[in-house]
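J.: Have a look at this one before I ask anything.
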Amino acid sequence: MQTIPDSLCFLNGSFGPLAQAKVSVLDRGFMFGDGVYEAVPVYGKRLFRFNQHMARLDRNLAKLRIANPHTHEQWLDHCRKLIAAQAADDQLVYIEVTRGVAVRDHGMPTGITPTVFIMTNAMKPASPEQRHQGVACVSARDFRWEHGDIKCVSLLGNVMARQVAADAGAVETIMFRSGFLTEASSSNVWIVHEGALLGPPKDEHVLEGIRYELLRELCEEEGIAYNLRPIPEADVFAADEIMLTSATKEVLSVTTLDKQPVGHGALHGKPGPVYAKLYQAYQQAKAVQSI
Ligand code: PMP
């Protein structure tokens with residue numbers, strides 16, 4: 001059995017040790033995966049792009065017709081208390097809101113109180129080796145449901161997709177739906193073509209990562225063209241560079257896909273120049289955009 005850390009967490013209005021936090025077996029999160037979540041990076045004990053995470057939480061709660069149980073100020077207060085109690089300077093705050101506890105029935109019950117949970121853990125960043133060499137990915141058909149845009153806790157499809165990579169000794173599974181790039185099991189995917197950064201459109205098949213807008217801003221600062229458009233599978237396999245983004249990966253270079261080296265010429269199988277620029281710009285953004 002794994003040891004559950006005894007760090008402080010927040011559950012339904014009270015702070016207490018994580019190992020002792022309990023929810024009802026009738027919680028809709030447990031029964032149906034009926035809830036949403038956020039994962040917010042923390043650098044030097046300060047929350048990075050917190051307002052954008054709050055805006056996405058609002059959007060996702062609205063999609064599930066759950067009223068946000070807290071104001072943004074209350075969320076910020078709760079998160080800051082937990083961050084202060086956690087030893088590490090760099091952390092990942094996890095926020096979950098489920099519809100709450102109700103007698104089991106599929107339809108959305110009304111008049112129940114949402115379950116609110118927050119914890120924070122030390123950030124597990126990419127290793128220096130992964131930064132230097134890039135990471136391996138595999139490809140798969142996107143077999144998840146058609147609401148990848150909702151950051152919900154029903155993550156079985158994503159769990160199964162990640163296991164495809166784990167079984168192949170790779171870091172992520174890059175997925176395609178009807179021949180077009182969607183995303184990876186817990187990251188967004190980007191390619192570089194003729195110096196431009198390309199990402200899939202923000203539609204119902206893709207989670208709008210907080211890094212969608214951040215990369216747009218960083219590309220603008222760095223003079224890199226940024227374009228969202230449907231990306232055929234063949235373009236991914238022929239890309240000059242491939243990158244993953246997520247709260248923990250930040251921006252991370254993919255240097256092999258299905259065991260084939262990514263890129264061309266001298267950069268074959270090596271992190272490329274657009275990655276290097278975006279990684280540097282990202283590090284600067286962390287310093288100025290954390291609260
Ligand atoms: N897609 C999926 C499926 C995810 O789970 C995540 C978050 N881990 C992302 C993309 C990236 O989102 P963000 O940049 O907000 O971490």
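Convention: chains lettered A, B, ... in structure tokens order; per-chain residue numbering from 1; ligands numbered from 1 as shown.
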Quick one: residues within 9 Å of ligand 1, with only C-alpha atoms and all ligand atoms, as a ChimeraX atom specification?
T.: /A:38-41,53,56,148-149,151,155,158,182-189,206-212,214,244-250
J.: Find the residues near A:Ala19: any atom within 10 Å, counting only C-alpha atoms, skip ones fewer than 5 places away on the same chain, and give them as a list of chain:residue names.
T.: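 Counting only C-alpha atoms, the residues come to A:Thr3, A:Ile4, A:Pro5, A:Asp6, A:Ser7, A:Leu8, A:Cys9.
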J.: Just the selected residues (N, CA, C and O atoms), exported as a PDB file, in the first residue's frame, please.
T.:
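See result.pdb below for the written result:
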ATOM      1  N   THR A   3       1.901   5.025   1.007  1.00  0.00           N
ATOM      2  CA  THR A   3       1.696   5.871   2.190  1.00  0.00           C
ATOM      3  C   THR A   3       1.103   7.198   1.723  1.00  0.00           C
ATOM      4  O   THR A   3       1.649   7.842   0.826  1.00  0.00           O
ATOM      5  N   ILE A   4      -0.003   7.581   2.309  1.00  0.00           N
ATOM      6  CA  ILE A   4      -0.630   8.869   1.966  1.00  0.00           C
ATOM      7  C   ILE A   4       0.087   9.959   2.768  1.00  0.00           C
ATOM      8  O   ILE A   4       0.213   9.837   3.993  1.00  0.00           O
ATOM      9  N   PRO A   5       0.572  11.014   2.105  1.00  0.00           N
ATOM     10  CA  PRO A   5       1.269  12.051   2.859  1.00  0.00           C
ATOM     11  C   PRO A   5       0.345  12.703   3.885  1.00  0.00           C
ATOM     12  O   PRO A   5      -0.871  12.787   3.664  1.00  0.00           O
ATOM     13  N   ASP A   6       0.933  13.124   4.989  1.00  0.00           N
ATOM     14  CA  ASP A   6       0.102  13.694   6.039  1.00  0.00           C
ATOM     15  C   ASP A   6       0.007  15.214   5.916  1.00  0.00           C
ATOM     16  O   ASP A   6      -0.117  15.915   6.912  1.00  0.00           O
ATOM     17  N   SER A   7       0.057  15.690   4.675  1.00  0.00           N
ATOM     18  CA  SER A   7       0.025  17.143   4.486  1.00  0.00           C
ATOM     19  C   SER A   7      -1.375  17.683   4.749  1.00  0.00           C
ATOM     20  O   SER A   7      -2.354  16.931   4.818  1.00  0.00           O
ATOM     21  N   LEU A   8      -1.451  18.998   4.875  1.00  0.00           N
ATOM     22  CA  LEU A   8      -2.730  19.651   5.144  1.00  0.00           C
ATOM     23  C   LEU A   8      -3.566  19.680   3.860  1.00  0.00           C
ATOM     24  O   LEU A   8      -3.041  19.903   2.774  1.00  0.00           O
ATOM     25  N   CYS A   9      -4.865  19.433   3.997  1.00  0.00           N
ATOM     26  CA  CYS A   9      -5.751  19.600   2.849  1.00  0.00           C
ATOM     27  C   CYS A   9      -7.013  20.326   3.306  1.00  0.00           C
ATOM     28  O   CYS A   9      -7.194  20.573   4.514  1.00  0.00           O
TER      29      CYS A   9
END
J.: Taking only residues of stretch 50-83 of chain A that have an atom at most 7 Å from an atom of stretch 106-122 of chain A, what is each one's shortest atom pair and its distance in Å to one decimal, using only C-alpha atoms, in chain and number order, as a tab-separated table?
T.:
residue	atom	partner	partner_atom	distance
A:Pro69	CA	A:Pro114	CA	6.9
A:Leu82	CA	A:Thr120	CA	6.6
A:Ile83	CA	A:Thr120	CA	6.7
J.: Output C-alpha atoms for every residue in that selection, as a PDB file, in the first residue's frame.
T.:
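Okay, selection-v8.pdb is ready:
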ATOM      1  CA  PRO A  69     -19.336  27.114  -4.067  1.00  0.00           C
ATOM      2  CA  LEU A  82      -2.265  25.067   2.081  1.00  0.00           C
ATOM      3  CA  ILE A  83       0.739  26.366   0.131  1.00  0.00           C
TER       4      ILE A  83
END
J.: Figure out the distance between atom CA of A:Gly44 and atom CA of A:Ala285, please, to one decimal in Å.
T.: 13.1 Å
J.: With only C-alpha atoms as the atoms that count, which of A:Asp27, A:Glu233, A:Asp258, A:Glu241 lies nearest to A:Thr173?
T.: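 Smallest distance to A:Thr173 is found for A:Asp258.
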J.: So, with only C-alpha atoms as the atoms that count, which of A:Tyr275, A:Phe10, A:Tyr282, A:Tyr94 lies closest to A:Val23?
T.: A:Phe10
J.: Name the residues of stretch 2-181 of chain A that fall into alpha helix (DSSP H) according to DSSP on the backbone, using the chain letters and numbers of this document, as a ChimeraX atom specification.
T.: /A:28-32,50-63,72-85,128-133,156-167
J.: Using only C-alpha atoms, pick whichever of A:Ala126, A:Val103, A:Met160, A:Leu181 has the shortest atom-to-atom distance to A:Val251.
T.: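 Going through A:Ala126, A:Val103, A:Met160, A:Leu181 one by one, the smallest distance to A:Val251 is for A:Ala126.
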J.: Any idea what the distance is between atom CA of A:Asn60 and atom CA of A:Leu218?
T.: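 Pair atom CA of A:Asn60 / atom CA of A:Leu218 returns 25.3 Å.
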J.: Quick check for you: according to DSSP on this backbone, which residues of stretch 62-247 of chain A are classed as strand (DSSP E)? Reply as a PyMOL selection string.
T.: chain A and resi 91-98+115-122+135-141+172-177+180-184+188-193+196-199+226-228+241-246
J.: Given the selection you just returned, output its residues as a file containing C-alpha atoms, formatted as a PDB file, in the first residue's frame.
T.:
ATOM      1  CA  GLN A  91       4.033  22.866  -5.770  1.00  0.00           C
ATOM      2  CA  LEU A  92       0.986  21.681  -7.684  1.00  0.00           C
ATOM      3  CA  VAL A  93      -2.346  22.638  -6.139  1.00  0.00           C
ATOM      4  CA  TYR A  94      -5.201  20.264  -6.933  1.00  0.00           C
ATOM      5  CA  ILE A  95      -8.773  21.551  -6.665  1.00  0.00           C
ATOM      6  CA  GLU A  96     -11.833  19.326  -7.052  1.00  0.00           C
ATOM      7  CA  VAL A  97     -15.526  20.174  -6.951  1.00  0.00           C
ATOM      8  CA  THR A  98     -18.086  17.391  -7.287  1.00  0.00           C
ATOM      9  CA  THR A 115     -18.105  18.669  -2.319  1.00  0.00           C
ATOM     10  CA  VAL A 116     -14.989  20.853  -2.295  1.00  0.00           C
ATOM     11  CA  PHE A 117     -11.495  19.435  -1.929  1.00  0.00           C
ATOM     12  CA  ILE A 118      -8.061  21.061  -2.237  1.00  0.00           C
ATOM     13  CA  MET A 119      -4.590  19.608  -1.686  1.00  0.00           C
ATOM     14  CA  THR A 120      -1.107  20.619  -2.666  1.00  0.00           C
ATOM     15  CA  ASN A 121       1.967  18.515  -3.321  1.00  0.00           C
ATOM     16  CA  ALA A 122       5.576  19.215  -4.197  1.00  0.00           C
ATOM     17  CA  VAL A 135      10.873  12.664 -24.311  1.00  0.00           C
ATOM     18  CA  ALA A 136       9.411   9.667 -26.120  1.00  0.00           C
ATOM     19  CA  CYS A 137       5.721   9.530 -27.080  1.00  0.00           C
ATOM     20  CA  VAL A 138       3.520   6.978 -28.774  1.00  0.00           C
ATOM     21  CA  SER A 139       0.452   7.571 -30.926  1.00  0.00           C
ATOM     22  CA  ALA A 140      -3.058   6.157 -30.561  1.00  0.00           C
ATOM     23  CA  ARG A 141      -6.567   6.682 -31.821  1.00  0.00           C
ATOM     24  CA  GLU A 172       2.737  10.434 -23.285  1.00  0.00           C
ATOM     25  CA  THR A 173       0.228   9.158 -25.825  1.00  0.00           C
ATOM     26  CA  ILE A 174      -0.467  11.580 -28.662  1.00  0.00           C
ATOM     27  CA  MET A 175      -3.989  11.012 -29.935  1.00  0.00           C
ATOM     28  CA  PHE A 176      -5.766  11.393 -33.270  1.00  0.00           C
ATOM     29  CA  ARG A 177      -9.500  11.552 -33.930  1.00  0.00           C
ATOM     30  CA  PHE A 180      -6.527  14.795 -36.902  1.00  0.00           C
ATOM     31  CA  LEU A 181      -4.439  15.625 -33.836  1.00  0.00           C
ATOM     32  CA  THR A 182      -6.398  16.168 -30.621  1.00  0.00           C
ATOM     33  CA  GLU A 183      -4.136  16.092 -27.551  1.00  0.00           C
ATOM     34  CA  ALA A 184      -2.253  13.713 -25.232  1.00  0.00           C
ATOM     35  CA  ASN A 188      -1.776  19.555 -25.081  1.00  0.00           C
ATOM     36  CA  VAL A 189       0.296  18.853 -28.196  1.00  0.00           C
ATOM     37  CA  TRP A 190       1.969  21.356 -30.533  1.00  0.00           C
ATOM     38  CA  ILE A 191       3.995  21.018 -33.694  1.00  0.00           C
ATOM     39  CA  VAL A 192       6.436  23.323 -35.442  1.00  0.00           C
ATOM     40  CA  HIS A 193       6.168  23.716 -39.195  1.00  0.00           C
ATOM     41  CA  ALA A 196       5.479  28.479 -36.850  1.00  0.00           C
ATOM     42  CA  LEU A 197       3.899  26.908 -33.781  1.00  0.00           C
ATOM     43  CA  LEU A 198       0.700  25.056 -34.690  1.00  0.00           C
ATOM     44  CA  GLY A 199      -1.921  23.703 -32.302  1.00  0.00           C
ATOM     45  CA  TYR A 226       1.164  30.974 -33.678  1.00  0.00           C
ATOM     46  CA  ASN A 227      -1.707  29.338 -35.483  1.00  0.00           C
ATOM     47  CA  LEU A 228      -4.571  27.048 -34.402  1.00  0.00           C
ATOM     48  CA  GLU A 241       9.394  19.801 -33.733  1.00  0.00           C
ATOM     49  CA  ILE A 242       6.711  18.388 -31.440  1.00  0.00           C
ATOM     50  CA  MET A 243       5.983  19.733 -27.949  1.00  0.00           C
ATOM     51  CA  LEU A 244       3.780  18.900 -24.995  1.00  0.00           C
ATOM     52  CA  THR A 245       2.406  21.474 -22.580  1.00  0.00           C
ATOM     53  CA  SER A 246       0.768  21.092 -19.188  1.00  0.00           C
TER      54      SER A 246
END
J.: State, in Å with one decimal place, the distance from atom CA of A:Ala161 to atom CA of A:Asp142.
T.: 8.0 Å
J.: Point out the residue among A:Ala287, A:Ala84, A:Ala238, A:Ala166 with the least atom-to-atom distance to A:His268, counting only C-alpha atoms.
T.: A:Ala238
